[in-house]
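The file input-v7.cif comes next; it holds mmCIF, C-alpha atoms; chains and numbers go by the auth columns.
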```
data_start
#
loop_
_atom_site.group_PDB
_atom_site.id
_atom_site.type_symbol
_atom_site.label_atom_id
_atom_site.label_comp_id
_atom_site.label_asym_id
_atom_site.label_seq_id
_atom_site.Cartn_x
_atom_site.Cartn_y
_atom_site.Cartn_z
_atom_site.B_iso_or_equiv
_atom_site.auth_seq_id
_atom_site.auth_asym_id
ATOM 1 C CA MET A 1 0.000 0.000 0.000 0.00 18 F
ATOM 2 C CA TYR A 2 0.964 3.648 -0.246 0.00 19 F
ATOM 3 C CA THR A 3 0.770 6.833 1.833 0.00 20 F
ATOM 4 C CA ARG A 4 1.325 10.447 0.914 0.00 21 F
ATOM 5 C CA CYS A 5 3.419 12.915 2.962 0.00 22 F
ATOM 6 C CA GLU A 6 1.283 15.852 4.016 0.00 23 F
ATOM 7 C CA HIS A 7 4.317 18.166 3.917 0.00 24 F
ATOM 8 C CA CYS A 8 6.080 17.455 0.605 0.00 25 F
ATOM 9 C CA GLN A 9 3.296 15.345 -1.041 0.00 26 F
ATOM 10 C CA ALA A 10 5.795 12.558 -1.734 0.00 27 F
ATOM 11 C CA VAL A 11 4.225 9.088 -2.268 0.00 28 F
ATOM 12 C CA LEU A 12 5.738 6.383 -0.073 0.00 29 F
ATOM 13 C CA PRO A 13 5.299 2.597 -0.314 0.00 30 F
ATOM 14 C CA ILE A 14 4.195 1.159 3.041 0.00 31 F
ATOM 15 C CA ARG A 15 4.347 -2.387 4.367 0.00 32 F
ATOM 16 C CA PRO A 16 2.224 -3.685 7.244 0.00 33 F
ATOM 17 C CA GLU A 17 5.428 -4.187 9.258 0.00 34 F
ATOM 18 C CA ASP A 18 6.193 -0.450 8.929 0.00 35 F
ATOM 19 C CA LEU A 19 2.745 0.507 10.206 0.00 36 F
ATOM 20 C CA ALA A 20 2.885 -1.936 13.119 0.00 37 F
ATOM 21 C CA GLN A 21 6.212 -0.731 14.486 0.00 38 F
ATOM 22 C CA ALA A 22 4.997 2.724 15.610 0.00 39 F
ATOM 23 C CA GLY A 23 1.228 2.644 15.281 0.00 40 F
ATOM 24 C CA GLY A 24 1.240 4.258 11.832 0.00 41 F
ATOM 25 C CA VAL A 25 3.851 6.953 12.570 0.00 42 F
ATOM 26 C CA VAL A 26 6.628 6.857 9.960 0.00 43 F
ATOM 27 C CA ARG A 27 9.348 9.166 8.645 0.00 44 F
ATOM 28 C CA CYS A 28 9.053 10.554 5.111 0.00 45 F
ATOM 29 C CA GLY A 29 11.977 9.413 2.971 0.00 46 F
ATOM 30 C CA ALA A 30 11.807 12.618 0.903 0.00 47 F
ATOM 31 C CA CYS A 31 11.635 15.462 3.469 0.00 48 F
ATOM 32 C CA GLY A 32 12.565 13.551 6.653 0.00 49 F
ATOM 33 C CA ARG A 33 9.533 14.687 8.635 0.00 50 F
ATOM 34 C CA THR A 34 7.442 12.390 10.811 0.00 51 F
ATOM 35 C CA ILE A 35 3.926 11.762 9.518 0.00 52 F
ATOM 36 C CA ASN A 36 0.866 9.680 10.326 0.00 53 F
ATOM 37 C CA ALA A 37 0.743 7.176 7.467 0.00 54 F
ATOM 38 C CA LEU A 38 -2.752 5.979 8.415 0.00 55 F
ATOM 39 C CA SER A 39 -4.262 9.394 7.708 0.00 56 F
ATOM 40 C CA ALA A 40 -3.638 9.042 3.942 0.00 57 F
ATOM 41 C CA MET A 41 -3.583 5.404 2.813 0.00 58 F
ATOM 42 C CA PHE A 42 -4.022 4.300 -0.817 0.00 59 F
ATOM 43 C CA ARG A 43 -4.245 0.874 -2.443 0.00 60 F
ATOM 44 C CA GLU A 44 -2.572 2.151 -5.631 0.00 61 F
ATOM 45 C CA ILE A 45 -0.036 4.880 -6.367 0.00 62 F
ATOM 46 C CA PRO A 46 -2.182 8.003 -5.882 0.00 63 F
ATOM 47 C CA GLY A 47 -2.562 10.805 -8.362 0.00 64 F
ATOM 48 C CA GLU A 48 -3.532 14.421 -7.735 0.00 65 F
ATOM 49 C CA GLY A 49 -7.230 13.625 -7.404 0.00 66 F
ATOM 50 C CA SER A 50 -6.924 10.280 -5.622 0.00 67 F
ATOM 51 C CA ILE A 51 -9.014 9.884 -2.456 0.00 68 F
ATOM 52 C CA PRO A 52 -7.425 8.008 0.477 0.00 69 F
ATOM 53 C CA ILE A 53 -9.037 4.976 2.050 0.00 70 F
ATOM 54 C CA PRO A 54 -11.782 6.144 4.436 0.00 71 F
ATOM 55 C CA ALA A 55 -10.644 6.000 8.080 0.00 72 F
ATOM 56 C CA ASP A 56 -14.129 5.132 9.405 0.00 73 F
ATOM 57 C CA GLY A 57 -13.860 2.733 12.311 0.00 74 F
ATOM 58 C CA MET A 58 -10.131 3.327 12.852 0.00 75 F
ATOM 59 C CA PRO A 59 -8.963 4.656 16.223 0.00 76 F
ATOM 60 C CA PRO A 60 -8.239 8.408 16.121 0.00 77 F
ATOM 61 C CA MET A 61 -4.564 9.200 15.602 0.00 78 F
ATOM 62 C CA LEU A 62 -2.778 12.381 16.611 0.00 79 F
ATOM 63 C CA ASN A 63 -0.779 14.197 13.987 0.00 80 F
ATOM 64 C CA PRO A 64 2.938 14.352 14.885 0.00 81 F
ATOM 65 C CA HIS A 65 3.760 17.291 17.157 0.00 82 F
ATOM 66 C CA VAL A 66 5.131 20.294 15.280 0.00 83 F
ATOM 67 C CA GLU A 67 8.114 20.550 17.649 0.00 84 F
ATOM 68 C CA GLN A 68 9.229 17.154 16.366 0.00 85 F
ATOM 69 C CA ASP A 69 9.426 18.635 12.870 0.00 86 F
ATOM 70 C CA GLY A 70 11.365 21.623 14.186 0.00 87 F
ATOM 71 C CA LEU A 71 14.061 19.339 15.576 0.00 88 F
ATOM 72 C CA LEU A 72 14.402 17.639 12.202 0.00 89 F
ATOM 73 C CA ASP A 73 14.736 21.014 10.494 0.00 90 F
ATOM 74 C CA ASP A 74 17.593 21.898 12.854 0.00 91 F
ATOM 75 C CA GLU A 75 19.367 18.635 12.011 0.00 92 F
ATOM 76 C CA ARG A 76 19.150 19.480 8.300 0.00 93 F
ATOM 77 C CA GLY A 77 20.502 22.972 8.933 0.00 94 F
ATOM 78 C CA ASP A 78 17.203 24.560 7.999 0.00 95 F
ATOM 79 C CA ASP A 79 16.679 27.425 10.482 0.00 96 F
ATOM 80 C CA SER A 80 13.627 28.793 8.729 0.00 97 F
ATOM 81 C CA GLY A 81 11.402 27.055 11.330 0.00 98 F
ATOM 82 C CA PRO A 82 8.028 25.451 10.738 0.00 99 F
ATOM 83 C CA ASP A 83 5.737 27.219 8.317 0.00 100 F
ATOM 84 C CA GLU A 84 2.127 28.141 8.948 0.00 101 F
ATOM 85 C CA ALA A 85 0.901 24.848 7.499 0.00 102 F
ATOM 86 C CA ASP A 86 2.906 22.925 10.078 0.00 103 F
ATOM 87 C CA PHE A 87 1.129 24.725 12.874 0.00 104 F
ATOM 88 C CA GLU A 88 -2.200 23.909 11.316 0.00 105 F
ATOM 89 C CA THR A 89 -1.375 20.188 11.237 0.00 106 F
ATOM 90 C CA ALA A 90 -0.231 20.282 14.852 0.00 107 F
ATOM 91 C CA ARG A 91 -3.634 21.334 16.148 0.00 108 F
ATOM 92 C CA PRO A 92 -5.723 18.403 17.414 0.00 109 F
ATOM 93 C CA ALA A 93 -8.570 17.558 15.085 0.00 110 F
ATOM 94 C CA ALA A 94 -12.092 16.722 16.120 0.00 111 F
ATOM 95 C CA GLY A 95 -12.157 13.275 17.606 0.00 112 F
ATOM 96 C CA ASP A 96 -8.547 13.454 18.920 0.00 113 F
ATOM 97 C CA PRO A 97 -8.181 12.312 22.525 0.00 114 F
ATOM 98 C CA ASP A 98 -8.474 14.994 25.230 0.00 115 F
ATOM 99 C CA PHE A 99 -5.282 15.255 27.274 0.00 116 F
ATOM 100 C CA ALA A 100 -6.778 17.455 30.015 0.00 117 F
ATOM 101 C CA PRO A 101 -5.501 16.564 33.525 0.00 118 F
ATOM 102 C CA ASP A 102 -7.476 13.995 35.450 0.00 119 F
ATOM 103 C CA PRO A 103 -9.851 15.429 38.039 0.00 120 F
ATOM 104 C CA ALA A 104 -8.758 15.345 41.675 0.00 121 F
ATOM 105 C CA PRO A 105 -9.882 12.285 43.644 0.00 122 F
ATOM 106 C CA ARG A 106 -13.159 12.544 45.513 0.00 123 F
ATOM 107 C CA TRP A 107 -11.536 12.573 48.970 0.00 124 F
ATOM 108 C CA ALA A 108 -9.375 15.564 48.008 0.00 125 F
ATOM 109 C CA ARG A 109 -12.387 17.474 46.655 0.00 126 F
ATOM 110 C CA VAL A 110 -14.126 16.940 50.019 0.00 127 F
ATOM 111 C CA LEU A 111 -11.188 17.194 52.447 0.00 128 F
ATOM 112 C CA TRP A 112 -9.679 20.535 51.460 0.00 129 F
ATOM 113 C CA PRO A 113 -12.939 22.530 51.389 0.00 130 F
ATOM 114 C CA SER A 114 -13.842 20.985 54.760 0.00 131 F
ATOM 115 C CA LEU A 115 -10.516 22.013 56.297 0.00 132 F
ATOM 116 C CA ALA A 116 -10.904 25.511 54.887 0.00 133 F
ATOM 117 C CA ALA A 117 -14.407 25.794 56.377 0.00 134 F
ATOM 118 C CA VAL A 118 -13.143 24.655 59.802 0.00 135 F
ATOM 119 C CA ALA A 119 -10.287 27.190 59.650 0.00 136 F
ATOM 120 C CA VAL A 120 -12.704 30.020 58.803 0.00 137 F
ATOM 121 C CA LEU A 121 -14.983 28.924 61.679 0.00 138 F
ATOM 122 C CA LEU A 122 -12.086 28.911 64.182 0.00 139 F
ATOM 123 C CA ILE A 123 -10.913 32.343 63.053 0.00 140 F
ATOM 124 C CA GLY A 124 -14.456 33.670 63.403 0.00 141 F
ATOM 125 C CA LEU A 125 -14.729 32.285 66.941 0.00 142 F
ATOM 126 C CA GLN A 126 -11.353 33.760 67.828 0.00 143 F
ATOM 127 C CA LEU A 127 -12.379 37.210 66.610 0.00 144 F
ATOM 128 C CA PHE A 128 -16.078 37.399 67.437 0.00 145 F
ATOM 129 C CA GLY A 129 -16.936 34.370 69.627 0.00 146 F
ATOM 130 C CA PRO A 130 -17.604 34.297 73.384 0.00 147 F
ATOM 131 C CA GLU A 131 -14.630 35.159 75.579 0.00 148 F
ATOM 132 C CA GLY A 132 -14.521 31.660 77.087 0.00 149 F
ATOM 133 C CA TRP A 133 -14.075 30.071 73.653 0.00 150 F
ATOM 134 C CA ARG A 134 -11.153 32.222 72.564 0.00 151 F
ATOM 135 C CA VAL A 135 -7.548 31.105 72.659 0.00 152 F
ATOM 136 C CA PRO A 136 -5.179 33.661 74.276 0.00 153 F
ATOM 137 C CA PRO A 137 -3.214 35.482 71.548 0.00 154 F
ATOM 138 C CA GLU A 138 0.083 34.725 73.258 0.00 155 F
ATOM 139 C CA ALA A 139 -0.692 30.984 73.025 0.00 156 F
ATOM 140 C CA LEU A 140 -0.808 31.420 69.244 0.00 157 F
ATOM 141 C CA GLY A 141 2.445 33.364 69.191 0.00 158 F
ATOM 142 C CA LEU A 142 0.583 36.664 68.781 0.00 159 F
ATOM 143 C CA GLY A 143 0.621 39.734 70.969 0.00 160 F
ATOM 144 C CA ASP A 144 2.868 40.494 73.899 0.00 161 F
ATOM 145 C CA PRO A 145 3.872 37.639 76.223 0.00 162 F
ATOM 146 C CA PRO A 146 2.180 37.609 79.630 0.00 163 F
ATOM 147 C CA MET A 147 4.006 39.287 82.499 0.00 164 F
ATOM 148 C CA ALA A 148 5.901 37.123 84.947 0.00 165 F
ATOM 149 C CA GLU A 149 4.799 36.756 88.570 0.00 166 F
ATOM 150 C CA PRO A 150 6.817 39.133 90.797 0.00 167 F
ATOM 151 C CA GLY A 151 7.352 36.533 93.519 0.00 168 F
ATOM 152 C CA ALA A 152 9.115 34.153 91.136 0.00 169 F
ATOM 153 C CA ALA A 153 10.814 36.753 88.916 0.00 170 F
ATOM 154 C CA ILE A 154 12.296 39.350 91.301 0.00 171 F
ATOM 155 C CA GLU A 155 15.442 38.607 93.237 0.00 172 F
ATOM 156 C CA LEU A 156 17.089 40.597 96.011 0.00 173 F
ATOM 157 C CA VAL A 157 20.746 40.959 94.965 0.00 174 F
ATOM 158 C CA SER A 158 21.978 43.598 97.425 0.00 175 F
ATOM 159 C CA ARG A 159 20.805 44.637 100.905 0.00 176 F
ATOM 160 C CA ASP A 160 21.858 46.901 103.721 0.00 177 F
ATOM 161 C CA LEU A 161 20.433 48.110 107.061 0.00 178 F
ATOM 162 C CA HIS A 162 21.945 50.893 109.177 0.00 179 F
ATOM 163 C CA ARG A 163 20.883 53.561 111.645 0.00 180 F
ATOM 164 C CA HIS A 164 19.544 56.848 110.356 0.00 181 F
ATOM 165 C CA PRO A 165 22.256 59.519 110.597 0.00 182 F
ATOM 166 C CA THR A 166 19.965 62.190 112.095 0.00 183 F
ATOM 167 C CA LEU A 167 16.943 60.375 113.589 0.00 184 F
ATOM 168 C CA SER A 168 17.545 58.217 116.650 0.00 185 F
ATOM 169 C CA ASP A 169 14.350 56.157 116.207 0.00 186 F
ATOM 170 C CA ALA A 170 14.749 55.434 112.491 0.00 187 F
ATOM 171 C CA VAL A 171 16.780 53.133 110.238 0.00 188 F
ATOM 172 C CA ILE A 172 17.614 53.199 106.550 0.00 189 F
ATOM 173 C CA VAL A 173 16.853 50.074 104.509 0.00 190 F
ATOM 174 C CA SER A 174 18.500 49.872 101.094 0.00 191 F
ATOM 175 C CA ALA A 175 18.227 47.056 98.568 0.00 192 F
ATOM 176 C CA VAL A 176 18.682 46.326 94.869 0.00 193 F
ATOM 177 C CA LEU A 177 16.027 44.278 93.070 0.00 194 F
ATOM 178 C CA ILE A 178 16.442 42.583 89.680 0.00 195 F
ATOM 179 C CA ASN A 179 13.991 40.922 87.333 0.00 196 F
ATOM 180 C CA ARG A 180 15.543 37.518 86.565 0.00 197 F
ATOM 181 C CA SER A 181 12.808 36.362 84.151 0.00 198 F
ATOM 182 C CA ASN A 182 12.780 36.892 80.387 0.00 199 F
ATOM 183 C CA ARG A 183 9.494 38.796 80.562 0.00 200 F
ATOM 184 C CA PRO A 184 8.526 42.152 82.056 0.00 201 F
ATOM 185 C CA VAL A 185 7.005 42.175 85.516 0.00 202 F
ATOM 186 C CA ALA A 186 4.667 44.702 87.104 0.00 203 F
ATOM 187 C CA TRP A 187 6.049 46.863 89.899 0.00 204 F
ATOM 188 C CA PRO A 188 5.654 44.583 92.910 0.00 205 F
ATOM 189 C CA ARG A 189 4.132 45.232 96.283 0.00 206 F
ATOM 190 C CA ILE A 190 6.966 44.770 98.805 0.00 207 F
ATOM 191 C CA ASP A 191 6.272 42.966 102.060 0.00 208 F
ATOM 192 C CA LEU A 192 9.005 44.347 104.344 0.00 209 F
ATOM 193 C CA ARG A 193 9.707 42.738 107.721 0.00 210 F
ATOM 194 C CA LEU A 194 12.204 43.931 110.364 0.00 211 F
ATOM 195 C CA TYR A 195 13.870 41.522 112.790 0.00 212 F
ATOM 196 C CA ASP A 196 15.697 41.962 116.098 0.00 213 F
ATOM 197 C CA ALA A 197 18.811 40.104 117.204 0.00 214 F
ATOM 198 C CA SER A 198 16.757 37.051 118.212 0.00 215 F
ATOM 199 C CA GLN A 199 15.137 36.918 114.761 0.00 216 F
ATOM 200 C CA GLN A 200 11.766 38.024 116.095 0.00 217 F
ATOM 201 C CA VAL A 201 9.580 40.195 113.861 0.00 218 F
ATOM 202 C CA ILE A 202 9.432 43.673 115.399 0.00 219 F
ATOM 203 C CA GLY A 203 7.873 45.493 112.438 0.00 220 F
ATOM 204 C CA GLN A 204 6.076 44.777 109.152 0.00 221 F
ATOM 205 C CA LYS A 205 4.811 46.986 106.339 0.00 222 F
ATOM 206 C CA LEU A 206 3.299 46.312 102.899 0.00 223 F
ATOM 207 C CA LEU A 207 4.654 48.922 100.480 0.00 224 F
ATOM 208 C CA GLU A 208 2.769 49.904 97.338 0.00 225 F
ATOM 209 C CA PRO A 209 4.805 50.935 94.243 0.00 226 F
ATOM 210 C CA GLU A 210 3.992 54.599 94.877 0.00 227 F
ATOM 211 C CA GLN A 211 5.720 54.391 98.272 0.00 228 F
ATOM 212 C CA TYR A 212 9.141 53.258 97.059 0.00 229 F
ATOM 213 C CA LEU A 213 9.348 54.415 93.403 0.00 230 F
ATOM 214 C CA ASP A 214 10.750 57.712 92.240 0.00 231 F
ATOM 215 C CA PRO A 215 7.941 60.331 92.035 0.00 232 F
ATOM 216 C CA ASN A 216 8.518 60.611 88.272 0.00 233 F
ATOM 217 C CA ALA A 217 8.083 56.860 87.677 0.00 234 F
ATOM 218 C CA ASP A 218 4.851 55.437 86.286 0.00 235 F
ATOM 219 C CA PRO A 219 3.265 53.288 89.042 0.00 236 F
ATOM 220 C CA ASP A 220 1.446 51.259 86.362 0.00 237 F
ATOM 221 C CA GLY A 221 4.675 50.512 84.476 0.00 238 F
ATOM 222 C CA THR A 222 6.790 47.365 84.496 0.00 239 F
ATOM 223 C CA LEU A 223 10.268 46.224 85.458 0.00 240 F
ATOM 224 C CA ALA A 224 12.040 44.984 82.324 0.00 241 F
ATOM 225 C CA PRO A 225 14.065 41.733 82.300 0.00 242 F
ATOM 226 C CA ASN A 226 17.539 41.919 83.871 0.00 243 F
ATOM 227 C CA VAL A 227 17.040 45.516 85.010 0.00 244 F
ATOM 228 C CA ARG A 228 18.231 46.492 88.515 0.00 245 F
ATOM 229 C CA LEU A 229 15.932 48.597 90.680 0.00 246 F
ATOM 230 C CA PRO A 230 17.510 50.347 93.735 0.00 247 F
ATOM 231 C CA VAL A 231 15.169 50.890 96.679 0.00 248 F
ATOM 232 C CA VAL A 232 16.012 53.132 99.675 0.00 249 F
ATOM 233 C CA LEU A 233 13.546 53.397 102.575 0.00 250 F
ATOM 234 C CA GLU A 234 13.543 55.385 105.831 0.00 251 F
ATOM 235 C CA MET A 235 11.744 53.398 108.539 0.00 252 F
ATOM 236 C CA VAL A 236 10.782 54.713 111.999 0.00 253 F
ATOM 237 C CA VAL A 237 10.854 51.945 114.642 0.00 254 F
ATOM 238 C CA GLU A 238 9.806 51.815 118.270 0.00 255 F
ATOM 239 C CA GLY A 239 11.253 49.586 120.949 0.00 256 F
ATOM 240 C CA SER A 240 13.939 47.139 119.866 0.00 257 F
ATOM 241 C CA THR A 241 16.514 48.167 117.312 0.00 258 F
ATOM 242 C CA PRO A 242 16.250 46.058 114.129 0.00 259 F
ATOM 243 C CA THR A 243 19.308 44.106 113.075 0.00 260 F
ATOM 244 C CA GLY A 244 17.972 42.574 109.848 0.00 261 F
ATOM 245 C CA PHE A 245 15.112 42.580 107.371 0.00 262 F
ATOM 246 C CA SER A 246 13.455 40.503 104.666 0.00 263 F
ATOM 247 C CA MET A 247 11.503 41.384 101.529 0.00 264 F
ATOM 248 C CA ALA A 248 8.817 39.393 99.733 0.00 265 F
ATOM 249 C CA PHE A 249 7.274 40.502 96.454 0.00 266 F
ATOM 250 C CA HIS A 250 3.626 40.261 95.445 0.00 267 F
#
```
Would you mind writing the file out in structure tokens?
Amino acid sequence: MYTRCEHCQAVLPIRPEDLAQAGGVVRCGACGRTINALSAMFREIPGEGSIPIPADGMPPMLNPHVEQDGLLDDERGDDSGPDEADFETARPAAGDPDFAPDPAPRWARVLWPSLAAVAVLLIGLQLFGPEGWRVPPEALGLGDPPMAEPGAAIELVSRDLHRHPTLSDAVIVSAVLINRSNRPVAWPRIDLRLYDASQQVIGQKLLEPEQYLDPNADPDGTLAPNVRLPVVLEMVVEGSTPTGFSMAFH
């Protein structure tokens, strides 16, 4: 049998073995391009008006891709590129298979929209839901970290107790506090206790931040991490003379 090249119109003799090797795709011996021999089959040598064997009932065949022809042109040294007719033959004809991507599996089409709906619901609850249902922003890595507890964060690193230089019934208590945590801490309330030589409590006072801070300091402020805070207090005592003191922070 015979086929005709759609590019150079050369007539080529075809054997069944040639067609079977590549499903009807052969190379033209005249122009070197790859063609679909089954698209133009003749029983006799065709003339100009010869009609090829009807392809009714044959499986649809794709025409060779135009980029294949471009590679052959490069091998022959022809840099003119494919002509307009080549692009026309490269377009899939009616009845060619559809190579669109396969649809996503059913579980994926259900899972991802469901996860997105749950995420939107959680965000809505976080922004507009009841207070008891909300997650603290710091637990999500958002917002400022919570302040540390003064009792666990503040350490007394220096202390001194001596008589007042001008008042006979008063002593001066001096100390240096430091925030050992990695978070800010509110100005603490200081529980100050004075002891005599036998370690008996002879005086106690709970000091608010306004009573020991500098007048220019903000009483609602915080003590930053690793910052030292000096505290100097004048205390009037009656009876026994104190020999020591302790501080607790609340």
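Going from atom CA of F:Gln221 to atom CA of F:Asp186 covers 15.7 Å.
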Please tabulate, as a Markdown table, the residues of stretch 180-212 of chain F that come within 12 Å of stretch 166-175 of chain F, each with its closest pair of atoms and the distance in Å to one decimal, counting all atoms listed in the file and ordering rows by chain, then residue number upward.
```
| residue | atom | partner | partner_atom | distance |
| --- | --- | --- | --- | --- |
| F:Val190 | CA | F:Ser175 | CA | 10.9 |
| F:Ser191 | CA | F:Ser175 | CA | 8.1 |
| F:Ala192 | CA | F:Ser175 | CA | 5.2 |
| F:Val193 | CA | F:Ser175 | CA | 5.0 |
| F:Leu194 | CA | F:Leu173 | CA | 4.8 |
| F:Ile195 | CA | F:Glu172 | CA | 5.4 |
| F:Asn196 | CA | F:Ile171 | CA | 4.6 |
| F:Arg197 | CA | F:Ala170 | CA | 5.3 |
| F:Ser198 | CA | F:Ala170 | CA | 5.2 |
| F:Asn199 | CA | F:Ala170 | CA | 8.8 |
| F:Arg200 | CA | F:Ala170 | CA | 8.7 |
| F:Pro201 | CA | F:Ala170 | CA | 9.0 |
| F:Val202 | CA | F:Pro167 | CA | 6.1 |
| F:Ala203 | CA | F:Pro167 | CA | 7.0 |
| F:Trp204 | CA | F:Pro167 | CA | 7.8 |
| F:Pro205 | CA | F:Pro167 | CA | 6.0 |
| F:Arg206 | CA | F:Pro167 | CA | 8.6 |
| F:Ile207 | CA | F:Pro167 | CA | 9.8 |
| F:Asp208 | CA | F:Gly168 | CA | 10.7 |
```
Taking the file as shown, find all residues satisfying the PyMOL selection byres ((chain F and resi 61) around 9) and write them as a ChimeraX atom specification. /F:18-19,59-60,62-63
At a cut-off of 9 Å, using all atoms listed in the file, what residues contact F:Pro71? Leave out same-chain residues fewer than 5 positions from it and give the result as a list in words.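 Within the cut-off, the hits are Ser56, Ala57 and Met58 of chain F.
Considering the residues F:Pro247, F:Gly261, F:Pro236, F:Gly149 and counting only C-alpha atoms, F:Gln217 has its shortest atom-to-atom contact with F:Gly261.
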Work out how far apart atom CA of F:Asp231 and atom CA of F:Val248 are and give it in Å to one decimal. 9.3 Å
Interatomic distance between atom CA of F:Arg210 and atom CA of F:Lys222?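 Those two atoms sit 6.6 Å apart.
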Write out as a ChimeraX atom specification the residues lying within 7 Å of stretch 213-215 of chain F, counting only C-alpha atoms and excluding same-chain residues fewer than 4 positions away. /F:219,257-261
Go through F:Gly256, F:Ala234, F:Thr20, F:Arg32 and flag the residue nearest F:Leu55, using all atoms listed in the file for the distances.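 Residue with the minimum atom-to-atom distance to F:Leu55: F:Thr20.
Using all atoms listed in the file, the shortest contact distance between F:Ser67 and any of F:Val28, F:Val249, F:Met264, F:Val42 is found at F:Val28.
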Have a look at F:Trp129, F:Ile189, F:Ile140, F:Ala54 and name the one nearest to F:Pro33; count all atoms listed in the file.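 For F:Pro33, the nearest of the given residues is F:Ala54.
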